[in-house]
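Colleague: Contents of entry-v4.csv (CSV, C-alpha atoms) are given next:
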chain,number,residue,atom,x,y,z
A,1,MET,CA,37.4,25.1,13.9
A,2,HIS,CA,39.8,24.2,11.2
A,3,GLN,CA,37.4,21.6,9.9
A,4,PHE,CA,34.9,24.3,8.9
A,5,GLU,CA,37.4,26.2,6.8
A,6,VAL,CA,36.8,26.2,3.1
A,7,GLN,CA,40.1,25.8,1.2
A,8,LYS,CA,40.7,27.0,-2.3
A,9,MET,CA,41.7,24.1,-4.6
A,10,PHE,CA,42.2,26.1,-7.8
A,11,ASP,CA,41.1,29.4,-9.3
A,12,MET,CA,38.6,29.6,-12.1
A,13,PHE,CA,37.5,33.0,-13.2
A,14,HIS,CA,36.5,36.5,-11.9
A,15,VAL,CA,33.1,38.1,-11.5
A,16,GLY,CA,33.8,41.7,-11.0
A,17,ASN,CA,36.4,41.8,-8.3
A,18,HIS,CA,35.1,38.5,-6.8
A,19,GLU,CA,37.1,35.5,-7.6
A,20,VAL,CA,35.3,32.2,-8.3
A,21,ALA,CA,37.4,29.2,-7.3
A,22,PHE,CA,37.0,25.5,-7.0
A,23,THR,CA,37.0,24.8,-3.3
A,24,THR,CA,36.8,21.8,-1.0
A,25,SER,CA,33.2,22.9,-0.4
A,26,ALA,CA,32.5,22.8,-4.1
A,27,MET,CA,34.2,19.4,-4.4
A,28,TRP,CA,31.9,17.9,-1.8
A,29,MET,CA,28.8,19.4,-3.4
A,30,VAL,CA,29.8,17.9,-6.7
A,31,ILE,CA,30.4,14.6,-5.1
A,32,ALA,CA,27.1,14.8,-3.3
A,33,GLY,CA,25.3,15.6,-6.6
A,34,LEU,CA,27.0,12.7,-8.4
A,35,LEU,CA,26.3,10.3,-5.6
A,36,LEU,CA,22.6,11.3,-5.6
A,37,TRP,CA,22.6,10.9,-9.4
A,38,VAL,CA,24.0,7.4,-9.0
A,39,PHE,CA,21.6,6.6,-6.3
A,40,MET,CA,18.7,7.7,-8.4
A,41,ILE,CA,19.8,5.7,-11.4
A,42,GLY,CA,19.3,2.6,-9.3
A,43,GLY,CA,15.6,3.6,-9.0
A,44,MET,CA,15.2,4.0,-12.7
A,45,LYS,CA,14.8,0.3,-13.5
A,46,ARG,CA,11.1,0.9,-13.5
A,47,GLN,CA,10.3,-2.7,-12.6
A,48,LEU,CA,6.8,-3.7,-11.5
A,49,VAL,CA,8.3,-5.8,-8.7
A,50,PRO,CA,11.1,-3.6,-7.5
A,51,GLY,CA,14.5,-4.7,-6.3
A,52,ARG,CA,16.1,-3.5,-3.1
A,53,TRP,CA,17.7,-0.5,-4.6
A,54,GLN,CA,14.6,0.6,-6.4
A,55,VAL,CA,12.6,0.2,-3.2
A,56,ALA,CA,15.1,2.4,-1.4
A,57,VAL,CA,14.7,5.1,-4.1
A,58,GLU,CA,11.0,4.8,-4.2
A,59,GLY,CA,10.9,5.0,-0.4
A,60,PHE,CA,12.6,8.4,-0.6
A,61,THR,CA,10.4,9.7,-3.4
A,62,GLY,CA,7.3,8.3,-1.7
A,63,PHE,CA,8.3,10.0,1.6
A,64,ILE,CA,8.6,13.4,0.0
A,65,SER,CA,5.5,13.1,-2.3
A,66,GLY,CA,3.5,11.8,0.7
A,67,MET,CA,4.6,14.8,2.7
A,68,MET,CA,3.7,17.2,-0.1
A,69,ASN,CA,0.3,15.6,-0.5
A,70,ALA,CA,-0.4,15.8,3.2
A,71,ASN,CA,0.7,19.4,3.6
A,72,ILE,CA,-0.4,21.0,0.4
A,73,GLY,CA,-2.8,18.6,-1.3
A,74,PRO,CA,-2.9,17.5,-5.0
A,75,GLU,CA,-1.5,20.9,-6.1
A,76,GLY,CA,1.6,20.2,-4.1
A,77,ARG,CA,2.7,17.6,-6.7
A,78,LYS,CA,4.0,20.4,-8.9
A,79,TYR,CA,6.5,21.4,-6.3
A,80,THR,CA,7.6,17.9,-5.3
A,81,PRO,CA,10.7,18.0,-7.6
A,82,TYR,CA,12.0,21.1,-5.8
A,83,VAL,CA,11.4,19.9,-2.3
A,84,PHE,CA,12.7,16.4,-3.2
A,85,SER,CA,15.9,17.9,-4.6
A,86,LEU,CA,16.3,20.1,-1.5
A,87,PHE,CA,15.8,17.2,0.9
A,88,MET,CA,18.1,14.8,-0.9
A,89,PHE,CA,20.8,17.4,-1.5
A,90,ILE,CA,20.8,18.5,2.2
A,91,LEU,CA,20.6,15.0,3.5
A,92,MET,CA,23.5,13.8,1.3
A,93,LEU,CA,25.7,16.8,2.3
A,94,ASN,CA,24.9,16.3,6.0
A,95,VAL,CA,25.6,12.6,5.9
A,96,ILE,CA,28.8,13.0,3.8
A,97,GLY,CA,30.1,15.5,6.4
A,98,LEU,CA,29.7,12.8,9.1
A,99,MET,CA,31.6,10.1,7.2
A,100,PRO,CA,35.0,9.2,8.7
A,101,PHE,CA,36.9,10.1,5.5
A,102,GLY,CA,39.7,11.3,7.8
A,103,LEU,CA,40.7,7.6,8.2
A,104,PHE,CA,41.8,7.7,4.6
A,105,GLY,CA,43.6,11.0,4.8
A,106,VAL,CA,40.8,13.0,3.2
A,107,HIS,CA,39.7,16.2,4.9
A,108,PRO,CA,36.0,15.7,5.6
A,109,PHE,CA,33.9,18.7,5.3
A,110,THR,CA,30.2,19.5,6.0
A,111,VAL,CA,28.9,21.9,3.3
A,112,THR,CA,25.7,22.5,5.2
A,113,SER,CA,27.6,23.9,8.2
A,114,HIS,CA,28.2,27.0,6.1
A,115,PHE,CA,25.8,29.8,6.4
A,116,ALA,CA,26.5,30.9,2.9
A,117,ILE,CA,25.1,27.6,1.6
A,118,THR,CA,22.1,27.2,4.0
A,119,GLY,CA,21.3,30.9,3.5
A,120,PHE,CA,21.3,30.5,-0.3
A,121,LEU,CA,19.0,27.5,-0.1
A,122,ALA,CA,16.7,29.3,2.4
A,123,ILE,CA,16.5,32.4,0.3
A,124,LEU,CA,15.8,30.2,-2.7
A,125,SER,CA,12.9,28.6,-0.9
A,126,PHE,CA,11.6,31.9,0.4
A,127,SER,CA,11.8,33.4,-3.1
A,128,ILE,CA,9.8,30.5,-4.5
A,129,VAL,CA,7.2,31.0,-1.8
A,130,LEU,CA,6.9,34.7,-2.6
A,131,ILE,CA,6.8,34.2,-6.3
A,132,VAL,CA,4.2,31.4,-6.1
A,133,GLY,CA,2.1,33.5,-3.6
A,134,PHE,CA,2.0,36.6,-5.6
A,135,TRP,CA,1.6,34.7,-8.9
A,136,ARG,CA,-1.4,32.9,-7.7
A,137,HIS,CA,-3.1,35.4,-5.5
A,138,GLY,CA,-1.7,38.8,-6.5
A,139,LEU,CA,-2.0,41.4,-3.7
A,140,HIS,CA,-4.5,39.1,-2.0
A,141,PHE,CA,-1.4,37.2,-0.8
A,142,PHE,CA,-1.2,39.9,1.9
A,143,SER,CA,-4.2,38.4,3.5
A,144,LEU,CA,-1.8,35.8,4.9
A,145,PHE,CA,-0.9,38.4,7.5
A,146,VAL,CA,-4.5,38.6,8.8
A,147,PRO,CA,-5.4,35.1,10.1
A,148,HIS,CA,-9.0,34.0,10.2
A,149,GLY,CA,-10.8,35.0,13.4
A,150,THR,CA,-8.6,38.1,14.1
A,151,PRO,CA,-10.7,40.5,16.2
A,152,TRP,CA,-11.1,43.9,14.6
A,153,TRP,CA,-9.6,45.7,17.5
A,154,LEU,CA,-6.3,43.7,17.1
A,155,LEU,CA,-6.0,44.5,13.3
A,156,TRP,CA,-3.3,47.1,14.0
A,157,LEU,CA,-1.1,44.5,15.9
A,158,ILE,CA,-1.6,41.0,14.4
A,159,PRO,CA,-0.5,41.9,10.8
A,160,ALA,CA,2.7,43.4,12.1
A,161,ILE,CA,3.5,40.3,14.2
A,162,GLU,CA,2.6,38.1,11.2
A,163,LEU,CA,4.8,40.1,8.9
A,164,VAL,CA,7.7,39.8,11.3
A,165,SER,CA,7.2,36.1,11.7
A,166,PHE,CA,7.0,35.8,7.9
A,167,MET,CA,10.1,37.7,7.2
A,168,VAL,CA,12.0,35.7,9.8
A,169,ARG,CA,11.4,32.5,8.0
A,170,PRO,CA,14.4,32.5,5.7
A,171,PHE,CA,16.7,33.3,8.6
A,172,SER,CA,15.3,30.6,10.8
A,173,LEU,CA,15.4,28.1,7.9
A,174,ALA,CA,19.0,28.9,7.2
A,175,LEU,CA,20.2,29.3,10.8
A,176,ARG,CA,18.6,26.1,12.0
A,177,LEU,CA,20.5,23.9,9.6
A,178,PHE,CA,23.7,25.8,9.9
A,179,VAL,CA,23.7,25.8,13.7
A,180,ALA,CA,22.7,22.1,14.0
A,181,MET,CA,25.4,21.0,11.7
A,182,THR,CA,28.1,23.2,13.3
A,183,ALA,CA,27.1,22.4,16.8
A,184,GLY,CA,27.2,18.7,16.2
A,185,HIS,CA,30.6,18.8,14.7
A,186,VAL,CA,31.9,21.1,17.4
A,187,LEU,CA,30.6,18.7,20.1
A,188,MET,CA,32.3,15.7,18.6
A,189,LYS,CA,35.5,17.8,18.2
A,190,VAL,CA,35.3,18.7,21.9
A,191,PHE,CA,35.0,15.1,23.1
A,192,ALA,CA,37.7,14.0,20.7
A,193,SER,CA,40.0,16.7,22.1
A,194,PHE,CA,39.2,15.4,25.6
A,195,ILE,CA,40.6,12.1,24.7
A,196,ILE,CA,43.8,13.6,23.1
A,197,ASP,CA,44.4,15.9,26.1
A,198,GLY,CA,43.6,13.2,28.6
A,199,ILE,CA,46.2,10.9,27.0
A,200,ALA,CA,48.7,13.7,27.0
A,201,ALA,CA,48.2,14.2,30.7
A,202,GLY,CA,49.2,10.7,31.6
A,203,PRO,CA,47.8,7.1,31.4
A,204,ALA,CA,45.5,7.4,34.5
A,205,VAL,CA,43.9,10.5,33.3
A,206,GLY,CA,43.9,9.2,29.7
A,207,LEU,CA,41.9,6.1,30.7
A,208,GLY,CA,39.6,7.9,33.2
A,209,VAL,CA,38.7,10.6,30.7
A,210,GLY,CA,39.3,8.8,27.4
A,211,ILE,CA,36.9,5.8,27.9
A,212,PRO,CA,33.8,7.8,29.0
A,213,SER,CA,34.5,10.4,26.3
A,214,MET,CA,34.9,7.6,23.7
A,215,ALA,CA,31.6,6.1,24.8
A,216,LEU,CA,29.9,9.4,24.5
A,217,MET,CA,31.4,10.0,21.1
A,218,VAL,CA,29.9,6.8,19.9
A,219,GLY,CA,26.5,7.8,21.1
A,220,ILE,CA,26.8,11.3,19.8
A,221,SER,CA,27.9,10.0,16.4
A,222,GLY,CA,24.7,8.1,16.2
A,223,LEU,CA,22.7,11.1,17.3
A,224,GLU,CA,24.4,13.3,14.7
A,225,LEU,CA,23.4,10.8,12.0
A,226,LEU,CA,19.8,11.2,13.3
A,227,VAL,CA,20.2,15.0,13.3
A,228,ALA,CA,21.5,14.9,9.7
A,229,GLY,CA,18.3,13.2,8.6
A,230,ILE,CA,16.0,15.3,10.8
A,231,GLN,CA,17.5,18.6,9.7
A,232,ALA,CA,17.1,17.7,6.1
A,233,TYR,CA,13.5,16.7,6.8
A,234,VAL,CA,12.8,19.9,8.8
A,235,PHE,CA,14.1,22.0,5.9
A,236,ALA,CA,12.0,20.2,3.4
A,237,LEU,CA,8.9,20.1,5.7
A,238,LEU,CA,9.1,23.8,6.5
A,239,THR,CA,9.5,24.6,2.8
A,240,SER,CA,6.4,22.6,2.0
A,241,LEU,CA,4.5,24.3,4.8
A,242,TYR,CA,5.5,27.7,3.5
A,243,LEU,CA,4.6,26.7,0.0
A,244,ASN,CA,1.2,25.6,1.4
A,245,ASP,CA,0.7,29.1,2.8
A,246,ALA,CA,1.5,30.5,-0.6
A,247,ILE,CA,-0.8,28.1,-2.5
A,248,ASN,CA,-3.7,27.8,-0.1
A,249,LEU,CA,-3.4,31.0,2.0
A,250,HIS,CA,-3.8,29.2,5.3
B,251,MET,CA,34.4,30.7,13.2
B,252,PRO,CA,35.4,30.3,9.5
B,253,GLN,CA,31.8,30.3,8.4
B,254,ILE,CA,31.7,34.0,9.2
B,255,SER,CA,35.3,35.2,9.1
B,256,GLN,CA,35.8,33.7,5.6
B,257,PHE,CA,33.2,36.1,4.2
B,258,ALA,CA,36.0,38.7,4.4
B,259,GLU,CA,37.9,36.8,1.7
B,260,SER,CA,36.9,38.0,-1.8
B,261,TRP,CA,36.6,34.5,-3.3
B,262,TYR,CA,34.5,32.8,-0.5
B,263,ALA,CA,31.0,34.0,-1.1
B,264,ALA,CA,31.2,34.1,-4.9
B,265,SER,CA,32.6,30.5,-5.0
B,266,GLN,CA,30.1,29.2,-2.5
B,267,ILE,CA,27.1,30.7,-4.3
B,268,PHE,CA,28.4,29.7,-7.7
B,269,TRP,CA,28.9,26.1,-6.8
B,270,VAL,CA,25.8,25.7,-4.8
B,271,LEU,CA,23.9,27.2,-7.7
B,272,LEU,CA,25.6,24.8,-10.1
B,273,THR,CA,25.3,21.6,-8.1
B,274,PHE,CA,21.8,22.3,-6.7
B,275,GLY,CA,20.8,23.3,-10.2
B,276,PHE,CA,22.1,20.0,-11.5
B,277,VAL,CA,20.3,18.1,-8.7
B,278,PHE,CA,17.0,20.0,-9.4
B,279,LEU,CA,17.0,19.8,-13.2
B,280,VAL,CA,18.5,16.3,-13.7
B,281,ILE,CA,17.3,14.5,-10.5
B,282,GLY,CA,14.2,16.5,-9.4
B,283,ARG,CA,12.8,17.3,-12.8
B,284,GLY,CA,14.3,14.4,-14.8
B,285,MET,CA,14.4,11.3,-12.7
B,286,LEU,CA,11.8,11.9,-9.9
B,287,PRO,CA,8.7,12.0,-12.2
B,288,LYS,CA,9.8,8.7,-13.8
B,289,VAL,CA,10.2,7.1,-10.4
B,290,GLU,CA,6.8,8.5,-9.3
B,291,ALA,CA,5.2,7.3,-12.6
B,292,THR,CA,6.6,3.8,-11.9
B,293,VAL,CA,5.1,3.9,-8.4
B,294,ASP,CA,1.8,5.2,-9.7
B,295,ALA,CA,1.7,2.6,-12.4
B,296,ARG,CA,2.3,-0.1,-9.9
B,297,ASP,CA,-0.4,1.3,-7.6
B,298,ARG,CA,-2.8,1.4,-10.5
B,299,LYS,CA,-1.9,-2.1,-11.5
B,300,VAL,CA,-2.4,-3.4,-8.0
B,301,ALA,CA,-5.8,-1.7,-7.7
B,302,ASP,CA,-6.8,-3.1,-11.2
B,303,ASP,CA,-5.7,-6.6,-10.3
B,304,LEU,CA,-7.6,-6.4,-7.0
B,305,ALA,CA,-10.7,-5.3,-8.9
B,306,ALA,CA,-10.3,-8.1,-11.4
B,307,ALA,CA,-9.8,-10.6,-8.7
B,308,LYS,CA,-12.9,-9.4,-6.9
B,309,ALA,CA,-14.9,-9.6,-10.2
B,310,ALA,CA,-13.6,-13.1,-10.9
B,311,HIS,CA,-14.5,-14.1,-7.3
B,312,SER,CA,-18.1,-12.9,-7.7
B,313,ALA,CA,-18.3,-14.5,-11.1
B,314,ALA,CA,-17.2,-17.8,-9.6
B,315,ASP,CA,-19.8,-17.3,-6.8
B,316,GLN,CA,-22.4,-16.8,-9.5
B,317,ILE,CA,-21.3,-19.9,-11.4
B,318,GLU,CA,-21.3,-22.0,-8.2
B,319,GLU,CA,-24.8,-20.7,-7.4
B,320,SER,CA,-26.2,-21.5,-10.8
B,321,TYR,CA,-24.4,-24.9,-10.6
B,322,ARG,CA,-26.1,-25.6,-7.3
B,323,GLN,CA,-29.5,-24.5,-8.6
B,324,GLN,CA,-29.0,-26.8,-11.7
B,325,SER,CA,-28.0,-29.8,-9.6
B,326,ASP,CA,-30.9,-29.1,-7.2
B,327,ALA,CA,-33.3,-29.0,-10.1
B,328,SER,CA,-31.9,-32.2,-11.7
B,329,ARG,CA,-31.9,-34.0,-8.4
B,330,ALA,CA,-35.6,-33.0,-7.9
B,331,ALA,CA,-36.3,-34.2,-11.5
B,332,ALA,CA,-34.6,-37.5,-10.9
B,333,GLN,CA,-36.5,-38.0,-7.7
B,334,LYS,CA,-39.8,-37.2,-9.5
B,335,ALA,CA,-38.9,-39.7,-12.2
B,336,VAL,CA,-38.1,-42.4,-9.6
B,337,THR,CA,-41.4,-41.7,-7.8
B,338,GLU,CA,-43.4,-41.9,-11.0
B,339,ALA,CA,-41.7,-45.1,-12.0
B,340,LYS,CA,-42.4,-46.6,-8.6
B,341,ASP,CA,-46.0,-45.5,-8.8
B,342,LYS,CA,-46.4,-46.9,-12.3
B,343,ALA,CA,-44.8,-50.2,-11.3
B,344,ALA,CA,-47.1,-50.4,-8.3
B,345,ARG,CA,-50.1,-49.6,-10.4
B,346,ASP,CA,-49.2,-52.2,-13.0
B,347,ALA,CA,-48.6,-54.8,-10.3
B,348,GLU,CA,-51.9,-54.1,-8.8
B,349,LYS,CA,-53.6,-54.3,-12.1
B,350,ARG,CA,-52.0,-57.6,-13.0
B,351,LEU,CA,-52.7,-58.9,-9.5
B,352,ALA,CA,-56.4,-57.9,-9.9
B,353,LYS,CA,-56.6,-59.6,-13.3
B,354,VAL,CA,-55.0,-62.8,-12.0
B,355,GLU,CA,-57.3,-62.7,-9.0
B,356,SER,CA,-60.3,-62.3,-11.1
B,357,GLU,CA,-59.2,-65.2,-13.4
B,358,LEU,CA,-58.5,-67.3,-10.4
B,359,ALA,CA,-62.0,-66.5,-9.0
B,360,GLU,CA,-63.5,-67.4,-12.4
B,361,LYS,CA,-61.6,-70.6,-12.5
B,362,GLN,CA,-62.7,-71.3,-8.9
B,363,SER,CA,-66.3,-70.7,-9.6
B,364,ALA,CA,-66.1,-72.8,-12.7
B,365,ALA,CA,-64.5,-75.6,-10.7
B,366,GLU,CA,-67.1,-75.2,-8.0
B,367,ALA,CA,-69.8,-75.4,-10.6
B,368,ASP,CA,-68.2,-78.5,-12.1
B,369,ILE,CA,-68.0,-80.0,-8.6
B,370,ALA,CA,-71.6,-79.2,-8.0
B,371,ALA,CA,-72.6,-80.7,-11.4
B,372,ALA,CA,-70.5,-83.8,-10.7
B,373,ARG,CA,-72.0,-84.1,-7.3
B,374,THR,CA,-75.6,-83.9,-8.7
B,375,SER,CA,-74.7,-86.4,-11.5
B,376,ALA,CA,-73.0,-88.6,-9.0
B,377,MET,CA,-76.0,-88.3,-6.7
B,378,ALA,CA,-78.3,-89.2,-9.6
B,379,GLU,CA,-76.1,-92.2,-10.4
B,380,ILE,CA,-76.0,-93.3,-6.8
B,381,GLU,CA,-79.8,-93.1,-6.8
B,382,SER,CA,-80.1,-95.2,-9.9
B,383,VAL,CA,-77.5,-97.6,-8.8
B,384,ALA,CA,-79.1,-97.8,-5.3
B,385,THR,CA,-82.5,-98.3,-6.9
B,386,GLU,CA,-81.2,-101.1,-9.0
B,387,ALA,CA,-79.3,-102.7,-6.1
B,388,ALA,CA,-82.4,-102.3,-3.9
B,389,SER,CA,-84.7,-103.8,-6.4
B,390,ASP,CA,-82.2,-106.6,-7.1
B,391,LEU,CA,-81.8,-107.2,-3.3
B,392,VAL,CA,-85.6,-107.2,-2.9
B,393,ALA,CA,-86.0,-109.6,-5.8
B,394,LYS,CA,-83.3,-112.0,-4.5
B,395,LEU,CA,-84.5,-112.0,-0.9
B,396,SER,CA,-88.3,-112.1,-1.4
B,397,GLY,CA,-88.7,-112.8,-5.1
B,398,VAL,CA,-91.0,-109.9,-5.4
B,399,LYS,CA,-90.5,-107.7,-8.4
B,400,VAL,CA,-90.6,-104.1,-7.3
B,401,ALA,CA,-91.5,-101.5,-9.7
B,402,ALA,CA,-88.6,-99.2,-10.6
B,403,ALA,CA,-90.6,-96.1,-9.6
B,404,ASP,CA,-91.3,-97.5,-6.1
B,405,ALA,CA,-87.8,-98.6,-5.6
B,406,LYS,CA,-86.6,-95.1,-6.7
B,407,ALA,CA,-88.9,-93.4,-4.3
B,408,ALA,CA,-87.9,-95.6,-1.4
B,409,VAL,CA,-84.1,-95.0,-2.2
B,410,LYS,CA,-84.8,-91.3,-2.4
B,411,ALA,CA,-86.5,-91.3,0.9
B,412,VAL,CA,-83.5,-93.1,2.5
B,413,LEU,CA,-80.9,-91.0,0.8
B,414,HIS,CA,-82.3,-87.6,1.4
B,415,GLY,CA,-83.6,-88.7,4.9
Turn the structure described in the file into structure tokens.
Modeller:
Amino acid sequence: MHQFEVQKMFDMFHVGNHEVAFTTSAMWMVIAGLLLWVFMIGGMKRQLVPGRWQVAVEGFTGFISGMMNANIGPEGRKYTPYVFSLFMFILMLNVIGLMPFGLFGVHPFTVTSHFAITGFLAILSFSIVLIVGFWRHGLHFFSLFVPHGTPWWLLWLIPAIELVSFMVRPFSLALRLFVAMTAGHVLMKVFASFIIDGIAAGPAVGLGVGIPSMALMVGISGLELLVAGIQAYVFALLTSLYLNDAINLH
Amino acid sequence: MPQISQFAESWYAASQIFWVLLTFGFVFLVIGRGMLPKVEATVDARDRKVADDLAAAKAAHSAADQIEESYRQQSDASRAAAQKAVTEAKDKAARDAEKRLAKVESELAEKQSAAEADIAAARTSAMAEIESVATEAASDLVAKLSGVKVAAADAKAAVKAVLHG
């Protein structure tokens, strides 16, 4: 569990009685932001016949704008910058957390395995959905809680259920990412500790336990890379679906 | 679990929120708002260019088809014209040949009839000469053989009777 601990690197300033410090978490977020920036610069050559790098960048932007177009329609274009930033930021943090920086003596850290971060992003998305919904539809936005075709004799129950499911959204959004990242890293940690403990128990046990564990670790590492992409995608996809509710009201 | 237990530390939440706000704000403003629209504009411009080029190619293709069609029509027309000219020339030549042939034939026929007339005249004159010669010869023969002078008219009548049977 030590890998999930945020360490203070240096103090900065105080807000009330809360201290704001530069932490390992902050360092990785800054690195992710800079890497993303460098990555995007490669896509800014604006050539008619793109090079490899430009194709990679355009692949990501096309992926997100295609998703926004499919889920929301032409009006979704306005929100593509937000969803794209969200997707790329989360993806970069997830992938950086999986990189074997430990080999070079750097303490790797997955920013998205912290509920404070995922919760912030989820609340941000949820707030945008609320603001857009009430901005566009006013109080009519509440009709979201009465889906089409609701029988009149269920009108006392359905809105309550819809309200609960609506209010659960930021939590499910935040928890899903946080749990997936944490669980993946814990799983790898468990298998890694199997190898260490097996070797400590003797050569026979070390080989018997170590080799299958190592094989599993390789597979799980690949799986975790997949999960890193999928969780970023799910976060962006759900945000776009919630935005669609706010823009088009079902 | 540090993710939860660290909330107890006074710096944890504030630092996390501050830095995620700062870094995500940077990502949103610089990358999402600044760079993404340019990349999308590039992609849109390319899509538009590809669509325009395809439309232009299609137009050029149909224009080429039209030109080919008109070329084919023209060549068909000129071939038909050439054929017509050839047929006309052939007809004219045939007609001319016929005319000339007819003229030559008529001339030949004229010549032939003239020749025939000459022949007939010659024959009658020859006949007449033969008669006179035969009459003379007969009267001479008669005179030599019998010493009788035969009148020319008698001799002529006798020769005529023998010649014309």
Colleague: What does the structure give for the distance between CA of Met92 (chain A) and CA of Leu36 (chain A), in Å to one decimal?
Modeller: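 So the two atoms, CA of Met92 (chain A) and CA of Leu36 (chain A), lie 7.4 Å apart.
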Colleague: Hey, which of A:Leu121, A:Ala201, A:Leu207, A:Leu130 ends up closest to Ala174 (chain A)? Count only C-alpha atoms.
Modeller: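 Among A:Leu121, A:Ala201, A:Leu207, A:Leu130, it is A:Leu121 that comes nearest to Ala174 (chain A).
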Colleague: So what do you get for CA of Gly184 (chain A) versus CA of Gly219 (chain A), distance-wise?
Modeller: 12.0 Å
Colleague: Calculated over all atoms listed in the file, which of the candidates A:Gly59, A:Gly42, A:Pro159, A:Pro81 has the smallest distance to chain B?
Modeller: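 Closest candidate: A:Pro81.
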Colleague: Could you work out an axis-aligned bounding box for all listed atoms of region 252-259 of chain B, with 3 Å added on each of the six sides, and give its centre and edge lengths in Å to one decimal, as lines of an AutoDock Vina configuration file?
Modeller:
center_x = 34.8
center_y = 34.5
center_z = 5.6
size_x = 12.2
size_y = 14.4
size_z = 13.8
Colleague: Using all atoms listed in the file, tabulate the residues of chain A lying at most 9 Å from any atom of chain B, each with its closest atom pair and that distance in Å to one decimal, by chain and increasing residue number, as a Markdown table.
Modeller:
| residue | atom | partner | partner_atom | distance |
| --- | --- | --- | --- | --- |
| A:Met1 | CA | B:Met251 | CA | 6.4 |
| A:His2 | CA | B:Pro252 | CA | 7.7 |
| A:Gln3 | CA | B:Pro252 | CA | 8.9 |
| A:Phe4 | CA | B:Pro252 | CA | 6.1 |
| A:Glu5 | CA | B:Pro252 | CA | 5.3 |
| A:Val6 | CA | B:Pro252 | CA | 7.7 |
| A:Lys8 | CA | B:Trp261 | CA | 8.6 |
| A:His14 | CA | B:Trp261 | CA | 8.8 |
| A:Val15 | CA | B:Ala264 | CA | 7.9 |
| A:Asn17 | CA | B:Ser260 | CA | 7.5 |
| A:His18 | CA | B:Ser260 | CA | 5.3 |
| A:Glu19 | CA | B:Trp261 | CA | 4.4 |
| A:Val20 | CA | B:Ser265 | CA | 4.6 |
| A:Ala21 | CA | B:Ser265 | CA | 5.5 |
| A:Phe22 | CA | B:Ser265 | CA | 7.0 |
| A:Thr23 | CA | B:Ser265 | CA | 7.4 |
| A:Ser25 | CA | B:Gln266 | CA | 7.3 |
| A:Ala26 | CA | B:Trp269 | CA | 5.6 |
| A:Met27 | CA | B:Trp269 | CA | 8.9 |
| A:Met29 | CA | B:Thr273 | CA | 6.3 |
| A:Val30 | CA | B:Thr273 | CA | 6.0 |
| A:Ala32 | CA | B:Thr273 | CA | 8.5 |
| A:Gly33 | CA | B:Val277 | CA | 6.0 |
| A:Leu34 | CA | B:Val277 | CA | 8.6 |
| A:Leu36 | CA | B:Val277 | CA | 7.8 |
| A:Trp37 | CA | B:Ile281 | CA | 6.5 |
| A:Met40 | CA | B:Met285 | CA | 7.1 |
| A:Ile41 | CA | B:Met285 | CA | 7.9 |
| A:Gly43 | CA | B:Val289 | CA | 6.6 |
| A:Met44 | CA | B:Val289 | CA | 6.3 |
| A:Lys45 | CA | B:Val289 | CA | 8.8 |
| A:Arg46 | CA | B:Thr292 | CA | 5.6 |
| A:Gln47 | CA | B:Thr292 | CA | 7.5 |
| A:Leu48 | CA | B:Arg296 | CA | 6.0 |
| A:Val49 | CA | B:Arg296 | CA | 8.4 |
| A:Gln54 | CA | B:Val289 | CA | 8.8 |
| A:Val57 | CA | B:Val289 | CA | 8.0 |
| A:Glu58 | CA | B:Val289 | CA | 6.7 |
| A:Thr61 | CA | B:Leu286 | CA | 7.0 |
| A:Gly62 | CA | B:Glu290 | CA | 7.6 |
| A:Ser65 | CA | B:Glu290 | CA | 8.5 |
| A:Thr80 | CA | B:Gly282 | CA | 7.9 |
| A:Pro81 | CA | B:Gly282 | CA | 4.2 |
| A:Tyr82 | CA | B:Gly282 | CA | 6.2 |
| A:Val83 | CA | B:Gly282 | CA | 8.4 |
| A:Phe84 | CA | B:Gly282 | CA | 6.4 |
| A:Ser85 | CA | B:Gly282 | CA | 5.3 |
| A:Leu86 | CA | B:Phe274 | CA | 7.9 |
| A:Met88 | CA | B:Val277 | CA | 8.8 |
| A:Phe89 | CA | B:Phe274 | CA | 7.2 |
| A:Ser113 | CA | B:Gln253 | CA | 7.7 |
| A:His114 | CA | B:Gln253 | CA | 5.4 |
| A:Phe115 | CA | B:Gln253 | CA | 6.3 |
| A:Ala116 | CA | B:Gln266 | CA | 6.7 |
| A:Ile117 | CA | B:Gln266 | CA | 6.7 |
| A:Phe120 | CA | B:Ile267 | CA | 7.0 |
| A:Leu121 | CA | B:Val270 | CA | 8.5 |
Colleague: Between CA of Gly133 (chain A) and CA of Ile247 (chain A), what is the spacing in Å?
Modeller: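 CA of Ile247 (chain A) sits 6.2 Å away from CA of Gly133 (chain A).
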Colleague: What would the list of residues within 12 Å of (12.8, 33.6, 9.6) (file frame) look like as a compact mmCIF listing (two decimals) with C-alpha atoms, in the coordinates of the input, if all atoms listed in the file are what count?
Modeller:
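Saved as selection-v1.txt:
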# COMPACT_ATOMS: atom_id res chain seq x y z
CA GLY A 119 21.30 30.90 3.50
CA ALA A 122 16.70 29.30 2.40
CA ILE A 123 16.50 32.40 0.30
CA SER A 125 12.90 28.60 -0.90
CA PHE A 126 11.60 31.90 0.40
CA GLU A 162 2.60 38.10 11.20
CA LEU A 163 4.80 40.10 8.90
CA VAL A 164 7.70 39.80 11.30
CA SER A 165 7.20 36.10 11.70
CA PHE A 166 7.00 35.80 7.90
CA MET A 167 10.10 37.70 7.20
CA VAL A 168 12.00 35.70 9.80
CA ARG A 169 11.40 32.50 8.00
CA PRO A 170 14.40 32.50 5.70
CA PHE A 171 16.70 33.30 8.60
CA SER A 172 15.30 30.60 10.80
CA LEU A 173 15.40 28.10 7.90
CA ALA A 174 19.00 28.90 7.20
CA LEU A 175 20.20 29.30 10.80
CA ARG A 176 18.60 26.10 12.00
CA LEU A 238 9.10 23.80 6.50
CA THR A 239 9.50 24.60 2.80
CA TYR A 242 5.50 27.70 3.50
